[in-house]
$ cat entry18.cif   # mmCIF, C-alpha atoms and all ligand atoms
data_coords
#
loop_
_atom_site.label_atom_id
_atom_site.label_comp_id
_atom_site.auth_asym_id
_atom_site.auth_seq_id
_atom_site.Cartn_x
_atom_site.Cartn_y
_atom_site.Cartn_z
CA MET A 1 12.98 14.38 22.99
CA ASP A 2 12.17 17.81 24.45
CA LYS A 3 8.63 18.85 23.66
CA LEU A 4 8.17 21.37 20.85
CA ARG A 5 6.53 24.60 21.96
CA ALA A 6 3.33 25.29 20.09
CA ALA A 7 1.01 28.25 19.56
CA LEU A 8 -2.66 27.71 18.73
CA LEU A 9 -4.47 30.30 16.59
CA GLY A 10 -8.25 30.23 17.04
CA ALA A 11 -7.88 28.50 20.41
CA THR A 12 -11.36 29.46 21.63
CA GLY A 13 -13.36 28.05 18.68
CA MET A 14 -14.88 24.63 18.05
CA VAL A 15 -11.75 23.26 16.42
CA GLY A 16 -9.45 25.21 18.74
CA GLN A 17 -11.02 23.54 21.78
CA ARG A 18 -10.42 20.13 20.23
CA PHE A 19 -6.78 21.05 19.71
CA VAL A 20 -6.53 22.08 23.35
CA LYS A 21 -8.05 18.81 24.50
CA LEU A 22 -5.90 16.63 22.21
CA LEU A 23 -2.65 18.48 22.89
CA THR A 24 -2.99 18.32 26.67
CA GLY A 25 -0.35 15.83 27.82
CA HIS A 26 0.85 15.26 24.23
CA ARG A 27 4.30 13.69 24.14
CA MET A 28 5.70 15.85 21.29
CA PHE A 29 4.02 19.24 21.69
CA GLU A 30 3.30 21.64 24.52
CA LEU A 31 0.82 24.49 24.06
CA THR A 32 2.47 27.65 25.32
CA VAL A 33 0.51 30.35 23.47
CA LEU A 34 -3.25 30.55 22.87
CA ALA A 35 -4.49 33.18 20.42
CA ALA A 36 -7.94 34.32 19.33
CA SER A 37 -9.83 37.46 18.30
CA PRO A 38 -9.66 40.85 20.03
CA ARG A 39 -12.91 39.79 21.78
CA SER A 40 -10.99 37.12 23.70
CA ALA A 41 -7.53 38.71 23.95
CA GLY A 42 -6.49 39.59 27.50
CA LYS A 43 -8.90 37.10 29.12
CA ARG A 44 -7.84 33.86 30.75
CA TYR A 45 -8.54 30.89 28.50
CA ARG A 46 -11.20 29.45 30.82
CA GLU A 47 -13.15 32.73 30.57
CA ALA A 48 -12.61 33.31 26.85
CA ALA A 49 -13.62 29.90 25.48
CA HIS A 50 -17.30 28.85 25.26
CA TRP A 51 -16.10 25.43 26.38
CA CYS A 52 -18.22 22.69 24.79
CA VAL A 53 -15.88 19.70 24.64
CA GLU A 54 -16.37 16.82 27.13
CA GLY A 55 -14.82 17.41 30.56
CA ASP A 56 -13.40 20.63 31.97
CA VAL A 57 -10.97 23.07 30.44
CA PRO A 58 -7.57 21.38 30.99
CA GLU A 59 -5.82 22.89 34.03
CA GLU A 60 -2.52 23.21 32.11
CA VAL A 61 -3.97 25.97 29.91
CA ALA A 62 -7.01 27.22 31.84
CA ASP A 63 -5.20 30.28 33.24
CA LEU A 64 -3.13 31.18 30.17
CA ARG A 65 -3.90 34.70 28.94
CA VAL A 66 -5.27 34.65 25.42
CA VAL A 67 -3.37 36.91 22.99
CA ARG A 68 -4.43 38.33 19.64
CA VAL A 69 -3.73 36.29 16.53
CA GLY A 70 -0.51 37.60 14.93
CA LEU A 71 3.22 36.87 14.66
CA GLU A 72 4.35 39.67 16.98
CA GLU A 73 1.68 38.93 19.58
CA VAL A 74 2.62 35.24 19.64
CA ARG A 75 6.35 35.99 19.74
CA ARG A 76 5.90 38.35 22.66
CA GLU A 77 4.61 35.35 24.66
CA ASP A 78 7.06 32.66 23.52
CA GLU A 79 9.50 31.63 20.75
CA VAL A 80 7.35 28.78 19.50
CA ASP A 81 8.55 25.91 17.28
CA VAL A 82 5.24 25.28 15.52
CA VAL A 83 1.85 26.92 15.01
CA PHE A 84 -1.50 25.16 14.81
CA SER A 85 -4.12 27.23 13.01
CA ALA A 86 -7.91 27.06 13.41
CA ILE A 87 -8.94 30.58 12.38
CA PRO A 88 -11.41 31.70 9.70
CA SER A 89 -10.03 31.28 6.21
CA GLU A 90 -9.89 34.98 5.21
CA LEU A 91 -7.75 35.67 8.26
CA ALA A 92 -5.59 32.58 7.67
CA ARG A 93 -4.71 33.87 4.20
CA GLU A 94 -3.19 36.95 5.75
CA ILE A 95 -1.72 35.55 8.99
CA GLU A 96 -0.37 32.06 8.21
CA PRO A 97 2.31 33.28 5.72
CA GLU A 98 3.70 35.65 8.40
CA PHE A 99 4.68 32.61 10.45
CA ALA A 100 5.94 30.54 7.50
CA ARG A 101 8.06 33.49 6.33
CA ALA A 102 9.52 33.87 9.81
CA GLY A 103 10.59 30.21 9.90
CA ILE A 104 7.73 28.78 11.99
CA PRO A 105 5.85 25.86 10.41
CA VAL A 106 2.08 26.27 10.21
CA ILE A 107 -0.18 23.22 10.51
CA SER A 108 -3.55 24.51 9.43
CA ASP A 109 -7.18 23.45 9.38
CA ALA A 110 -8.23 26.56 7.45
CA SER A 111 -9.04 26.33 3.74
CA ALA A 112 -7.06 29.42 2.63
CA PHE A 113 -4.03 27.64 1.12
CA ARG A 114 -5.45 24.18 0.40
CA MET A 115 -5.57 24.56 -3.36
CA GLU A 116 -2.21 26.33 -3.79
CA GLU A 117 0.05 24.18 -5.99
CA ASP A 118 2.92 23.99 -3.51
CA VAL A 119 0.80 23.35 -0.40
CA PRO A 120 -0.21 19.80 0.56
CA ILE A 121 -3.68 18.87 1.76
CA LEU A 122 -2.39 16.13 3.98
CA ILE A 123 -3.98 13.02 5.47
CA GLY A 124 -1.25 10.91 7.04
CA GLU A 125 -2.74 7.59 5.95
CA VAL A 126 -3.71 8.69 2.43
CA ASN A 127 -1.03 10.89 0.85
CA PRO A 128 1.98 11.17 3.22
CA ASP A 129 4.35 11.68 0.26
CA HIS A 130 2.61 14.99 -0.55
CA LEU A 131 4.49 16.41 2.44
CA LYS A 132 7.48 16.71 0.08
CA LEU A 133 5.64 19.60 -1.61
CA VAL A 134 6.53 21.91 1.27
CA LYS A 135 10.12 22.11 0.02
CA LEU A 136 8.79 24.06 -2.98
CA GLN A 137 7.47 26.77 -0.66
CA ALA A 138 11.05 28.06 -0.27
CA ARG A 139 10.44 29.72 -3.68
CA ARG A 140 8.00 32.05 -1.95
CA GLY A 141 10.86 33.32 0.20
CA TRP A 142 9.49 31.43 3.23
CA ARG A 143 11.91 29.94 5.75
CA SER A 144 9.31 27.39 6.78
CA PHE A 145 6.02 26.13 5.35
CA ILE A 146 2.24 25.66 5.56
CA VAL A 147 0.61 22.23 5.61
CA THR A 148 -3.20 22.05 5.41
CA SER A 149 -5.81 19.48 6.36
CA PRO A 150 -8.81 18.85 4.13
CA ASN A 151 -12.32 20.03 4.74
CA CYS A 152 -13.88 17.78 7.39
CA THR A 153 -16.30 16.22 4.91
CA THR A 154 -13.55 15.46 2.41
CA ASN A 155 -11.32 13.89 5.06
CA GLU A 156 -13.37 10.83 6.00
CA LEU A 157 -14.39 10.28 2.37
CA MET A 158 -10.73 10.17 1.28
CA ILE A 159 -9.81 7.64 3.95
CA ALA A 160 -12.70 5.40 2.89
CA LEU A 161 -11.83 5.68 -0.81
CA LYS A 162 -8.05 5.26 -0.62
CA PRO A 163 -7.98 1.46 -0.12
CA LEU A 164 -10.58 1.05 -2.89
CA MET A 165 -8.57 3.20 -5.26
CA ASP A 166 -5.37 1.27 -4.54
CA ARG A 167 -6.95 -2.17 -4.87
CA PHE A 168 -9.70 -1.83 -7.51
CA GLY A 169 -9.35 1.62 -9.09
CA ILE A 170 -12.17 4.20 -8.98
CA ARG A 171 -13.99 5.80 -11.92
CA ARG A 172 -16.79 7.76 -10.28
CA VAL A 173 -17.95 8.76 -6.80
CA ILE A 174 -21.29 10.22 -5.71
CA VAL A 175 -21.61 11.37 -2.10
CA SER A 176 -24.55 12.76 -0.14
CA THR A 177 -23.74 14.13 3.33
CA MET A 178 -25.49 14.63 6.67
CA GLN A 179 -23.21 17.09 8.45
CA ALA A 180 -23.07 18.00 12.12
CA LEU A 181 -23.62 21.45 13.62
CA SER A 182 -20.11 21.79 15.04
CA GLY A 183 -18.83 21.77 11.46
CA ALA A 184 -20.12 25.31 11.15
CA GLY A 185 -18.25 26.64 14.19
CA TRP A 186 -19.54 28.17 17.43
CA THR A 187 -21.76 30.79 15.81
CA GLY A 188 -22.49 28.68 12.71
CA VAL A 189 -26.14 27.67 12.48
CA PRO A 190 -28.86 29.53 14.43
CA SER A 191 -30.86 27.17 16.67
CA MET A 192 -34.13 28.48 15.19
CA ALA A 193 -32.97 27.41 11.75
CA ILE A 194 -31.87 23.87 12.59
CA ALA A 195 -34.17 22.61 15.39
CA ASP A 196 -36.67 20.13 13.90
CA ASN A 197 -35.04 20.67 10.51
CA VAL A 198 -32.49 19.79 7.83
CA ILE A 199 -30.77 22.54 5.84
CA PRO A 200 -30.23 21.28 2.29
CA TYR A 201 -27.30 23.58 1.48
CA ILE A 202 -23.86 24.39 2.92
CA ARG A 203 -22.10 27.27 1.18
CA ASN A 204 -19.00 26.23 -0.84
CA GLU A 205 -18.98 22.74 0.71
CA GLU A 206 -19.72 20.69 -2.40
CA GLU A 207 -17.07 22.54 -4.41
CA LYS A 208 -14.51 21.96 -1.65
CA VAL A 209 -15.18 18.22 -1.50
CA GLU A 210 -15.02 17.84 -5.28
CA ARG A 211 -11.80 19.75 -5.87
CA GLU A 212 -9.88 18.73 -2.74
CA ALA A 213 -10.54 15.04 -3.46
CA LEU A 214 -8.77 15.12 -6.83
CA LYS A 215 -5.71 16.77 -5.29
CA ILE A 216 -5.52 14.48 -2.24
CA LEU A 217 -5.92 11.30 -4.30
CA GLY A 218 -3.53 12.71 -6.92
CA ARG A 219 0.09 11.65 -7.49
CA PHE A 220 3.13 13.73 -6.55
CA ASP A 221 5.47 13.53 -9.57
CA GLY A 222 8.44 15.26 -7.93
CA SER A 223 7.40 18.78 -8.85
CA ARG A 224 3.60 18.91 -8.65
CA ILE A 225 0.45 16.98 -7.84
CA VAL A 226 -1.11 15.30 -10.87
CA PRO A 227 -4.86 15.24 -10.03
CA ALA A 228 -6.58 11.87 -9.72
CA GLU A 229 -8.53 10.86 -12.82
CA LEU A 230 -11.95 10.20 -11.40
CA GLU A 231 -15.29 11.99 -11.39
CA ILE A 232 -16.87 13.07 -8.14
CA SER A 233 -20.22 14.67 -7.35
CA ALA A 234 -21.21 15.85 -3.86
CA SER A 235 -24.48 17.01 -2.29
CA CYS A 236 -24.02 18.49 1.23
CA HIS A 237 -26.64 18.97 3.98
CA ARG A 238 -26.70 20.16 7.58
CA VAL A 239 -28.53 18.02 10.15
CA ASN A 240 -29.39 18.46 13.81
CA VAL A 241 -26.48 16.44 15.22
CA LEU A 242 -23.74 17.97 17.37
CA GLU A 243 -20.68 16.10 16.10
CA GLY A 244 -19.96 13.48 13.45
CA HIS A 245 -20.57 13.77 9.72
CA LEU A 246 -22.41 10.85 8.11
CA GLU A 247 -22.02 10.36 4.34
CA ALA A 248 -23.80 8.04 1.89
CA VAL A 249 -21.22 7.09 -0.74
CA PHE A 250 -21.73 5.42 -4.14
CA VAL A 251 -18.59 4.29 -5.96
CA GLU A 252 -18.04 3.00 -9.48
CA LEU A 253 -14.93 0.83 -9.30
CA SER A 254 -12.64 0.25 -12.29
CA ARG A 255 -13.09 -3.48 -11.94
CA GLY A 256 -15.69 -5.74 -10.39
CA ALA A 257 -15.22 -6.62 -6.73
CA ASP A 258 -17.44 -8.39 -4.28
CA VAL A 259 -18.64 -6.77 -1.15
CA GLU A 260 -16.43 -8.99 1.02
CA GLU A 261 -13.32 -7.94 -0.91
CA VAL A 262 -14.26 -4.29 -0.47
CA LYS A 263 -14.71 -4.71 3.27
CA GLU A 264 -11.45 -6.60 3.55
CA ALA A 265 -9.54 -3.86 1.68
CA MET A 266 -10.95 -1.28 4.10
CA ARG A 267 -10.30 -3.35 7.23
CA LYS A 268 -6.70 -4.05 6.27
CA PHE A 269 -5.95 -0.45 5.36
CA ARG A 270 -3.01 1.04 7.28
CA GLY A 271 -0.78 4.00 6.48
CA ARG A 272 2.49 5.73 7.32
CA PRO A 273 1.21 7.00 10.73
CA GLN A 274 0.51 3.42 11.83
CA GLU A 275 3.90 2.25 10.51
CA LEU A 276 5.63 4.99 12.48
CA GLY A 277 3.46 4.46 15.57
CA LEU A 278 2.60 8.18 15.76
CA PRO A 279 0.84 9.17 19.00
CA THR A 280 -2.42 10.28 17.35
CA ALA A 281 -2.57 7.44 14.78
CA PRO A 282 -5.56 5.13 15.38
CA GLU A 283 -4.76 1.42 15.30
CA ASN A 284 -7.46 0.94 12.64
CA PRO A 285 -8.01 3.95 10.37
CA ILE A 286 -11.20 2.29 9.08
CA ILE A 287 -13.59 0.24 11.21
CA VAL A 288 -16.12 -1.73 9.17
CA ARG A 289 -19.34 -2.65 10.98
CA GLU A 290 -21.75 -5.39 10.00
CA GLU A 291 -24.94 -4.23 11.80
CA GLU A 292 -27.63 -2.93 9.43
CA ASP A 293 -28.14 0.24 11.49
CA ARG A 294 -24.53 1.43 11.95
CA PRO A 295 -22.63 3.74 11.81
CA GLN A 296 -24.54 6.31 13.85
CA PRO A 297 -23.07 9.66 14.98
CA ARG A 298 -24.00 9.22 18.66
CA LEU A 299 -22.68 5.68 18.89
CA ASP A 300 -19.66 5.68 16.60
CA ARG A 301 -18.07 9.14 16.44
CA TYR A 302 -15.49 8.40 19.15
CA ALA A 303 -14.21 5.20 17.52
CA GLY A 304 -10.42 5.12 17.81
CA GLY A 305 -10.53 8.24 19.99
CA GLY A 306 -12.38 10.05 17.17
CA MET A 307 -9.53 9.28 14.72
CA SER A 308 -11.00 6.14 13.11
CA ILE A 309 -13.70 6.46 10.51
CA VAL A 310 -16.56 3.97 10.71
CA VAL A 311 -18.00 2.34 7.59
CA GLY A 312 -21.20 0.33 7.47
CA ARG A 313 -23.89 -1.07 5.17
CA VAL A 314 -21.37 -1.98 2.47
CA ARG A 315 -23.40 -3.39 -0.40
CA ARG A 316 -23.51 -3.71 -4.15
CA ASP A 317 -24.90 -0.78 -6.15
CA LYS A 318 -26.92 -1.94 -9.15
CA VAL A 319 -27.03 1.38 -11.02
CA LEU A 320 -23.30 2.08 -11.36
CA GLU A 321 -21.03 -0.29 -13.27
CA ASN A 322 -18.97 -2.31 -10.75
CA GLY A 323 -20.87 -0.31 -8.14
CA VAL A 324 -20.59 -0.46 -4.35
CA LYS A 325 -22.31 1.76 -1.81
CA PHE A 326 -21.80 2.33 1.89
CA LEU A 327 -22.17 4.80 4.78
CA VAL A 328 -19.16 6.44 6.39
CA LEU A 329 -18.96 8.42 9.61
CA GLY A 330 -16.12 10.56 10.94
CA HIS A 331 -15.72 12.90 13.90
CA ASN A 332 -15.58 16.27 12.16
CA THR A 333 -13.60 18.23 14.75
CA ILE A 334 -11.21 15.35 15.59
CA ARG A 335 -10.47 13.24 12.48
CA GLY A 336 -11.89 16.01 10.29
CA ALA A 337 -9.89 18.87 11.82
CA ALA A 338 -7.74 19.08 14.99
CA GLY A 339 -6.79 15.39 15.19
CA ASN A 340 -5.82 15.26 11.52
CA ALA A 341 -3.70 18.40 11.89
CA ILE A 342 -1.91 17.03 14.97
CA LEU A 343 -1.24 13.79 13.10
CA ASN A 344 0.20 15.88 10.24
CA ALA A 345 2.48 17.67 12.71
CA GLU A 346 3.60 14.35 14.21
CA LEU A 347 4.35 13.07 10.71
CA ALA A 348 6.28 16.24 9.83
CA VAL A 349 8.37 15.85 13.01
CA SER A 350 9.00 12.13 12.43
CA GLU A 351 9.98 12.69 8.79
CA GLY A 352 12.40 15.48 9.75
CA TYR A 353 10.45 18.47 8.36
CA ILE A 354 10.06 20.12 11.78
P1 LIG B 401 -15.23 28.94 15.30
O1 LIG B 401 -15.83 28.03 16.30
O2 LIG B 401 -16.05 30.04 14.77
O3 LIG B 401 -13.86 29.52 15.90
C1 LIG B 401 -13.14 30.53 15.23
C2 LIG B 401 -11.87 30.89 15.99
O4 LIG B 401 -11.20 31.95 15.28
C3 LIG B 401 -12.15 31.43 17.39
O5 LIG B 401 -11.07 31.12 18.23
C4 LIG B 401 -12.22 32.94 17.16
O6 LIG B 401 -11.88 33.71 18.30
C5 LIG B 401 -11.15 33.12 16.11
N1 LIG B 401 -11.42 34.31 15.30
C6 LIG B 401 -12.59 34.63 14.67
N2 LIG B 401 -12.46 35.85 14.08
C7 LIG B 401 -11.23 36.30 14.38
C8 LIG B 401 -10.52 37.51 14.08
N3 LIG B 401 -11.06 38.48 13.37
N4 LIG B 401 -9.26 37.64 14.54
C9 LIG B 401 -8.67 36.65 15.27
N5 LIG B 401 -9.30 35.49 15.59
C10 LIG B 401 -10.56 35.32 15.13
O7 LIG B 401 -14.76 28.12 14.00
P2 LIG B 401 -14.22 26.60 13.89
O8 LIG B 401 -15.33 25.71 13.51
O9 LIG B 401 -13.40 26.29 15.07
O10 LIG B 401 -13.30 26.68 12.58
C11 LIG B 401 -11.99 27.20 12.61
C12 LIG B 401 -11.32 26.94 11.26
O11 LIG B 401 -11.23 25.53 11.05
C13 LIG B 401 -12.08 27.51 10.06
O12 LIG B 401 -11.15 27.93 9.08
C14 LIG B 401 -12.88 26.31 9.56
O13 LIG B 401 -13.22 26.41 8.20
C15 LIG B 401 -11.88 25.19 9.81
N6 LIG B 401 -12.47 23.85 9.97
C16 LIG B 401 -13.52 23.64 10.82
C17 LIG B 401 -14.02 22.35 10.98
C18 LIG B 401 -15.16 22.04 11.92
O14 LIG B 401 -15.62 20.87 11.95
N7 LIG B 401 -15.67 23.00 12.69
C19 LIG B 401 -13.45 21.29 10.28
C20 LIG B 401 -12.37 21.53 9.41
C21 LIG B 401 -11.89 22.81 9.29
P3 LIG B 401 -13.03 34.31 19.31
O15 LIG B 401 -13.57 33.15 20.10
O16 LIG B 401 -12.26 35.26 20.14
O17 LIG B 401 -14.07 34.94 18.44
#

$ encode --input "entry18.cif" --output "structure tokens"
Amino acid sequence: MDKLRAALLGATGMVGQRFVKLLTGHRMFELTVLAASPRSAGKRYREAAHWCVEGDVPEEVADLRVVRVGLEEVRREDEVDVVFSAIPSELAREIEPEFARAGIPVISDASAFRMEEDVPILIGEVNPDHLKLVKLQARRGWRSFIVTSPNCTTNELMIALKPLMDRFGIRRVIVSTMQALSGAGWTGVPSMAIADNVIPYIRNEEEKVEREALKILGRFDGSRIVPAELEISASCHRVNVLEGHLEAVFVELSRGADVEEVKEAMRKFRGRPQELGLPTAPENPIIVREEEDRPQPRLDRYAGGGMSIVVGRVRRDKVLENGVKFLVLGHNTIRGAAGNAILNAELAVSEGYI
């Protein structure tokens, strides 16, 4: 097939750079327009981006002129087939519908539309059928649609929980996070605040995890998502790690299961992206490690090209009924953002939505 032409909004940011890296040489999509703030507009990409991803700025895009974020600005450069969005949420609320209305699908990492009833929060392996929701967006008068990805912290937690929910049922989840600096974006956390420190609070993060989870694990009944019936409590913290969110998870299952069964359910877990052989789908969505000191951000964040999550220290929890506890690690700007969005776009193409 001919490659689909793609614009990237927020191309210079932490997530935008990941998109650039992952879309270079992609077999379905070609980045033809890079957009960012007025601060970057007019500069060549290599000058505009504070490049902080491994390797150099890819040659294919290094000399593209960055344009301002906006439908007209993007259209002046190219008639794109799809838009990837990694801009701040307040801006996404205003800009993303312009594209959807004009018939250009938006695959977004921003939180602006996640909780809208007709917008899926999509993880290819977890809730691929929620993609059907986008048909309801025609009621808004849009010729195309918006698909969102979850918050980075929610993403890896959902992948870890999905096989447990399917096999044993889940009643309650408690999660305590150790989140990387890149999760806060390029200007996110001042170095004087985080060096030699842990910040025990991330604004709005716990609320996002708790409400997105019930929607993602919910059931699409043909007209809406019926939220999952489980209780979830999150405590979120920023640590001095560049990439990779680590989470300590405590789960009350609906029925008793031994630790080996839990590990087996996770190891065997596969989803629609693996079935379809999508380019960004990792062979193993969940890697379960046996060492007592894994997963670790530095050692495990690039598992499966950053698209696998890594689980370790799976053990029985004695406080919760039918309790298990474990650690899970995911690469926040790959699995938790750009990689997940690209996988969503691949799924939407393969299922005939784009
Ligand atoms: P970031 O590093 O701060 O990058 C923000 C991007 O948006 C930059 O390209 C910036 O352009 C552009 N931008 C900022 N203000 C703008 C404006 N007024 N007009 C047009 N463009 C503007 O942030 P990020 O971490 O990449 O996050 C991007 C989005 O992804 C956010 O919605 C965030 O919540 C979401 N997200 C992030 C992560 C993560 O792990 N970081 C994970 C999941 C979701 P300039 O460079 O020109 O300023």

$ residues_around --input "entry18.cif" --residues "Arg93 (chain A)" --least-positions-apart "5" --cutoff "9 Å" --atoms "only C-alpha atoms" --output "list in words"
Pro88, Ala110, Ser111, Ala112 and Phe113 of chain A

$ residues_near_ligand --input "entry18.cif" --ligand "ligand LIG 401 (chain B)" --cutoff "6 Å" --atoms "only C-alpha atoms and all ligand atoms" --output "ChimeraX atom specification"
/A:10-16,36-37,39-40,69,86-89,109-111,151-152,182-187,332-333,336-337

$ residues_near_point --input "entry18.cif" --point "(-5.9, 38.5, 26.4)" --cutoff "12 Å" --atoms "all atoms listed in the file" --output "compact mmCIF listing (two decimals) with C-alpha atoms, keeping the file's coordinate frame"
# COMPACT_ATOMS: atom_id res chain seq x y z
CA ALA A 11 -7.88 28.50 20.41
CA THR A 12 -11.36 29.46 21.63
CA VAL A 33 0.51 30.35 23.47
CA LEU A 34 -3.25 30.55 22.87
CA ALA A 35 -4.49 33.18 20.42
CA ALA A 36 -7.94 34.32 19.33
CA SER A 37 -9.83 37.46 18.30
CA PRO A 38 -9.66 40.85 20.03
CA ARG A 39 -12.91 39.79 21.78
CA SER A 40 -10.99 37.12 23.70
CA ALA A 41 -7.53 38.71 23.95
CA GLY A 42 -6.49 39.59 27.50
CA LYS A 43 -8.90 37.10 29.12
CA ARG A 44 -7.84 33.86 30.75
CA TYR A 45 -8.54 30.89 28.50
CA ARG A 46 -11.20 29.45 30.82
CA GLU A 47 -13.15 32.73 30.57
CA ALA A 48 -12.61 33.31 26.85
CA ALA A 49 -13.62 29.90 25.48
CA ASP A 63 -5.20 30.28 33.24
CA LEU A 64 -3.13 31.18 30.17
CA ARG A 65 -3.90 34.70 28.94
CA VAL A 66 -5.27 34.65 25.42
CA VAL A 67 -3.37 36.91 22.99
CA ARG A 68 -4.43 38.33 19.64
CA VAL A 69 -3.73 36.29 16.53
CA GLU A 73 1.68 38.93 19.58
CA VAL A 74 2.62 35.24 19.64
CA GLU A 77 4.61 35.35 24.66

$ closest_residue --input "entry18.cif" --among "A:Asp2, A:Asp317, A:Glu79, A:Glu72" --to "Val251 (chain A)" --atoms "only C-alpha atoms"
A:Asp317

$ residues_near_point --input "entry18.cif" --point "(7.8, 11.7, -6.1)" --cutoff "9 Å" --atoms "only C-alpha atoms" --output "JSON list (two decimals) with C-alpha atoms, keeping the file's coordinate frame"
[["chain", "number", "residue", "atom", "x", "y", "z"],
["A", 129, "ASP", "CA", 4.35, 11.68, 0.26],
["A", 130, "HIS", "CA", 2.61, 14.99, -0.55],
["A", 132, "LYS", "CA", 7.48, 16.71, 0.08],
["A", 219, "ARG", "CA", 0.09, 11.65, -7.49],
["A", 220, "PHE", "CA", 3.13, 13.73, -6.55],
["A", 221, "ASP", "CA", 5.47, 13.53, -9.57],
["A", 222, "GLY", "CA", 8.44, 15.26, -7.93],
["A", 223, "SER", "CA", 7.40, 18.78, -8.85],
["A", 224, "ARG", "CA", 3.60, 18.91, -8.65]]

$ residues_around --input "entry18.cif" --residues "Phe326 (chain A)" --least-positions-apart "3" --cutoff "8 Å" --atoms "all atoms listed in the file" --output "ChimeraX atom specification"
/A:248-250,311-315

$ closest_residue --input "entry18.cif" --among "A:Gly103, A:Gly304, A:Gly124, A:Gly188" --to "Pro273 (chain A)" --atoms "only C-alpha atoms"
A:Gly124

$ residues_around --input "entry18.cif" --residues "region 143-148 of chain A" --least-positions-apart "2" --cutoff "10 Å" --atoms "all atoms listed in the file" --output "PyMOL selection string"
chain A and resi 82-85+96-97+99-115+118-123+130-131+133-141+150-151+337+340-341+344-345+348+353-354

$ atom_distance --input "entry18.cif" --atom1 "CA of Leu329 (chain A)" --atom2 "CA of Met307 (chain A)"
10.8 Å

$ atom_distance --input "entry18.cif" --atom1 "CA of Ile174 (chain A)" --atom2 "CA of Ser233 (chain A)"
4.9 Å

$ closest_residue --input "entry18.cif" --among "A:Ser235, A:Ser308, A:Gln17, A:Asn127" --to "Pro295 (chain A)" --atoms "only C-alpha atoms"
A:Ser308

$ closest_residue --input "entry18.cif" --among "A:Lys215, A:Lys162, A:Arg172, A:Arg75" --to "Ala265 (chain A)" --atoms "only C-alpha atoms"
A:Lys162

$ residues_around --input "entry18.cif" --residues "Pro163 (chain A)" --least-positions-apart "5" --cutoff "9 Å" --atoms "all atoms listed in the file" --output "list in words"
Val126, Phe168, Val262, Ala265, Met266, Lys268, Phe269 and Arg270 of chain A

$ residues_around --input "entry18.cif" --residues "region 274-277 of chain A" --least-positions-apart "5" --cutoff "10 Å" --atoms "only C-alpha atoms" --output "list in words"
Gly124, Glu125, Phe269, Pro282, Glu283, Asn284, Pro285, Glu346, Leu347, Ser350 and Glu351 of chain A

$ closest_residue --input "entry18.cif" --among "A:Arg76, A:Arg238, A:His50, A:Arg27" --to "Val189 (chain A)" --atoms "only C-alpha atoms"
A:Arg238

$ axis_aligned_box --input "entry18.cif" --around "region 201-205 of chain A" --padding-each-side "4 Å" --output "lines of an AutoDock Vina configuration file"
center_x = -23.1
center_y = 25.0
center_z = 1.0
size_x = 16.3
size_y = 12.5
size_z = 11.8

$ closest_residue --input "entry18.cif" --among "A:Pro128, A:Gly70, A:Gly25, A:Gly169" --to "Arg272 (chain A)" --atoms "all atoms listed in the file"
A:Pro128

$ atom_distance --input "entry18.cif" --atom1 "CA of Gly306 (chain A)" --atom2 "CA of His245 (chain A)"
11.7 Å
